[in-house]
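> Take a look at the following structure, please.
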Amino acid sequence: MKKISLYIHIPFCKQKCMYCDFPSFCGKDTLMERYIDALIKEIKEKASKYYISTIFIGGGTPTYLHLNELEKLLNAVNTLNLSNNIEFTVECNPGTLTEEKLNLMKSKGVNRLSIGLQAYQEELLKRIGRIHSFEDFKENYLLARSVGFKNINVDLMFGLPNQKVEQWKETLEKVLLLQPEHISAYSLIVEEGTIFYKLYENDKLSLPSEDDEREMYRITLQVLKNRGYHQYEISNFSKQGKECRHNIVYWELEEYLGCGSAAASYIEGTRYKNFESIEDYIKAVEDDEKTFNEVIVNTKEDDMEEFVFMGLRKTQGISEEKFYKKFGIKIEKIYKTVINKHIAEGLLIKNGGKIYLSNKGIELSNYVMSDFILTL
Ligand code: SF4
């Protein structure tokens, strides 16, 4: 039986955050029950034939589901062929977590939680449209610990409107007091279609300067390193052995199956993306129609590019051996000029069979990666 990672999408949120361009919606709660039924049908049809090594239930806000819907979903997942040492993550948001939901998840085999906090300061949380305070987060976090969750990620964000470098430092310090196993720290990107994008266009969004943002990233690296977290990807840090295995699957271009609206899959060199509209998705599943409206058959060049793009996000970089095994050709044959150019610029390092970004290269990662495009 083939091994695969499973992503399950829950597209509901209590309120839309101002920066969010994820396929998530508020005000569609009446669709939840039908959605979960459709989702379970899709999961059973598509995932039963695989051996599941990691699961990530993300969104949206999975913990916004009602207890009985969450239970139905987790019961269905438990009928699949799950690996004995599965990594099973559920994304949670403070303000939607309860002791019952935590106990339920624990009893159904969830062994990793990813909790969205973003910032410590009340004013910043309000400004970005979060529904919770730091205290709400802390309460939920401690409750999760008391229920027995031993692997918790905290999502943070820097470069927020009007955020000061000191406030970012304070956020890191406050979170570190709780000793999570994993921290994701992303810089805010103002994406089209978000409330922030509108404000930005109207000159009403006061973002930190580029220097301040760079400083925030440097502080992240330094503070987390000092506290025993190792950076294994541009934005991800973990205690030893607590790297997110599910994300590594994406970054190493391995296969994954996505179920639910807007969920993406990558199977046998082909990318699929399900309908983004919750209604269209439900209807397709109920009518036994295909659930996806995007299919891209990757060429070998596409795969090589993606392998390099994703691989360079990891601090370990790309393994020359893995590249050869995957594509039957040495990476040097394809990318010699680009690799040498960036090594000469001090942005790439080649060492011990690996090619990875230097610290300077990480700061200029978009520039380096764009040079690896083969299919212009
Ligand atoms: S909770 Fe997450 S998915 Fe929902 S709107 Fe906020 S950022 Fe987006």
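Just so we're on the same page: first chain in the structure tokens is A, next is B, and so on; residues restart at 1 for each chain, and ligands are numbered from 1 in the order they show up.
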Could you list, as an mmCIF file with C-alpha atoms, in the first residue's frame, every residue within 9 Å of A:Asn85, counting only C-alpha atoms and ignoring same-chain residues fewer than 2 positions away?

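This went into result20.cif:
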data_model
loop_
_atom_site.group_PDB
_atom_site.id
_atom_site.type_symbol
_atom_site.label_atom_id
_atom_site.label_comp_id
_atom_site.auth_asym_id
_atom_site.auth_seq_id
_atom_site.Cartn_x
_atom_site.Cartn_y
_atom_site.Cartn_z
ATOM 1 C CA SER A 53 1.969 8.753 7.418
ATOM 2 C CA THR A 54 0.992 12.291 8.452
ATOM 3 C CA LEU A 82 -2.884 5.053 9.773
ATOM 4 C CA SER A 83 0.805 4.588 10.403
ATOM 5 C CA GLU A 87 2.072 12.733 13.088
#
> Within 10 Å of ligand 1 (counting only C-alpha atoms and all ligand atoms), which residues show up? I'd like them as a PyMOL selection string.
chain A and resi 10-26+58-62+64+91-94+96+115-118+128-131+194
> Measure the distance from atom CA of A:Ser107 to atom CA of A:Asn153 in Å and round it to one decimal.
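A separation of 19.3 Å between them.
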> Please provide the set of residues having any atom within 8 Å of A:Lys354, restricted to only C-alpha atoms, with same-chain residues fewer than 2 positions apart removed, written as a list in words.
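After dropping sequence-adjacent residues, the list is Gln316, Gly317, Ile318, Ser319, Glu320, Lys350, Asn351, Gly352 and Tyr356 of chain A.
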> Report as a CSV table (one decimal) with C-alpha atoms, in the first residue's frame all protein, DNA and RNA residues lying within 9 Å of A:Val308, evaluated on only C-alpha atoms, omitting residues in the same chain fewer than 6 positions from it.

chain,number,residue,atom,x,y,z
A,251,TRP,CA,9.2,20.9,0.9
A,252,GLU,CA,10.7,17.6,-0.4
A,317,GLY,CA,18.8,22.7,1.6
A,318,ILE,CA,18.7,20.3,-1.3
A,323,PHE,CA,17.9,15.2,-6.7
A,369,MET,CA,15.1,31.1,-6.1
A,372,PHE,CA,16.3,28.4,-10.7
> Could you pull out all residues of stretch 6-164 of chain A with a DSSP call of strand (DSSP E or B) and give them as JSON, numbers by chain?
{"A": [6, 7, 8, 9, 10, 12, 25, 51, 52, 53, 54, 55, 56, 57, 58, 59, 81, 82, 83, 84, 85, 86, 87, 88, 89, 90, 91, 92, 112, 113, 114, 115, 116, 117, 118, 152, 153, 154, 155, 156, 157, 158]}
> Do you know which residues are at most 10 Å from A:Glu268 counting only C-alpha atoms, after dropping those on the same chain fewer than 4 positions away, and could you put them as a ChimeraX atom specification?
/A:254-256,297-298
> Output all heavy atoms for every residue in the selection just made, as a PDB file, in the first residue's frame.

ATOM      1  N   GLU A 254       7.206  15.435  -1.918  1.00  0.00           N
ATOM      2  CA  GLU A 254       6.672  14.084  -1.826  1.00  0.00           C
ATOM      3  C   GLU A 254       5.161  14.151  -2.012  1.00  0.00           C
ATOM      4  O   GLU A 254       4.584  15.228  -2.067  1.00  0.00           O
ATOM      5  CB  GLU A 254       7.075  13.468  -0.491  1.00  0.00           C
ATOM      6  CG  GLU A 254       8.543  13.097  -0.568  1.00  0.00           C
ATOM      7  CD  GLU A 254       9.116  12.572   0.714  1.00  0.00           C
ATOM      8  OE1 GLU A 254       8.344  12.247   1.610  1.00  0.00           O
ATOM      9  OE2 GLU A 254      10.349  12.506   0.774  1.00  0.00           O
ATOM     10  N   GLU A 255       4.519  12.988  -2.056  1.00  0.00           N
ATOM     11  CA  GLU A 255       3.105  12.992  -2.418  1.00  0.00           C
ATOM     12  C   GLU A 255       2.184  13.290  -1.237  1.00  0.00           C
ATOM     13  O   GLU A 255       2.436  12.849  -0.124  1.00  0.00           O
ATOM     14  CB  GLU A 255       2.741  11.639  -3.011  1.00  0.00           C
ATOM     15  CG  GLU A 255       3.455  11.411  -4.326  1.00  0.00           C
ATOM     16  CD  GLU A 255       2.918  10.203  -5.069  1.00  0.00           C
ATOM     17  OE1 GLU A 255       2.675   9.167  -4.410  1.00  0.00           O
ATOM     18  OE2 GLU A 255       2.731  10.298  -6.288  1.00  0.00           O
ATOM     19  N   TYR A 256       1.141  14.050  -1.530  1.00  0.00           N
ATOM     20  CA  TYR A 256       0.122  14.295  -0.508  1.00  0.00           C
ATOM     21  C   TYR A 256      -1.249  14.371  -1.163  1.00  0.00           C
ATOM     22  O   TYR A 256      -1.386  14.738  -2.326  1.00  0.00           O
ATOM     23  CB  TYR A 256       0.416  15.555   0.314  1.00  0.00           C
ATOM     24  CG  TYR A 256       0.609  16.807  -0.506  1.00  0.00           C
ATOM     25  CD1 TYR A 256      -0.468  17.622  -0.841  1.00  0.00           C
ATOM     26  CD2 TYR A 256       1.872  17.165  -0.952  1.00  0.00           C
ATOM     27  CE1 TYR A 256      -0.286  18.770  -1.599  1.00  0.00           C
ATOM     28  CE2 TYR A 256       2.063  18.310  -1.719  1.00  0.00           C
ATOM     29  CZ  TYR A 256       0.976  19.106  -2.036  1.00  0.00           C
ATOM     30  OH  TYR A 256       1.152  20.225  -2.798  1.00  0.00           O
ATOM     31  N   VAL A 297      -0.455  18.762 -14.928  1.00  0.00           N
ATOM     32  CA  VAL A 297       0.495  17.652 -15.010  1.00  0.00           C
ATOM     33  C   VAL A 297       1.883  18.281 -15.073  1.00  0.00           C
ATOM     34  O   VAL A 297       2.216  18.970 -16.042  1.00  0.00           O
ATOM     35  CB  VAL A 297       0.221  16.780 -16.259  1.00  0.00           C
ATOM     36  CG1 VAL A 297       1.209  15.627 -16.321  1.00  0.00           C
ATOM     37  CG2 VAL A 297      -1.214  16.278 -16.245  1.00  0.00           C
ATOM     38  N   ASN A 298       2.646  18.070 -14.033  1.00  0.00           N
ATOM     39  CA  ASN A 298       3.978  18.672 -13.984  1.00  0.00           C
ATOM     40  C   ASN A 298       4.910  18.055 -15.029  1.00  0.00           C
ATOM     41  O   ASN A 298       4.923  16.837 -15.196  1.00  0.00           O
ATOM     42  CB  ASN A 298       4.600  18.442 -12.605  1.00  0.00           C
ATOM     43  CG  ASN A 298       4.310  19.575 -11.642  1.00  0.00           C
ATOM     44  OD1 ASN A 298       3.444  20.406 -11.893  1.00  0.00           O
ATOM     45  ND2 ASN A 298       5.028  19.607 -10.535  1.00  0.00           N
TER      46      ASN A 298
END
> Mind checking DSSP for stretch 154-226 of chain A and telling me the alpha helix (DSSP H) residues as a VMD selection string?
chain A and resid 165 to 176 195 to 201 210 to 226
> Taking only C-alpha atoms into account, which of A:Glu181, A:Glu192, A:Glu301, A:Glu332 comes nearest A:Lys150?
A:Glu181
> Calculate how many Å separate atom CA of A:Thr63 from atom CA of A:Leu97, rounding to one decimal.
6.0 Å
> Would you mind reading off the distance between atom CA of A:Glu289 and atom CA of A:Ser277, one decimal, in Å?
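Atom-to-atom, atom CA of A:Glu289 and atom CA of A:Ser277 are spaced 14.8 Å apart.
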> Return the single residue from A:Ile57, A:Leu312, A:Ala47, A:Ala284 that is closest to A:Arg112, with distances computed using only C-alpha atoms.
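Ranking A:Ile57, A:Leu312, A:Ala47, A:Ala284 by distance to A:Arg112, first place goes to A:Ile57.
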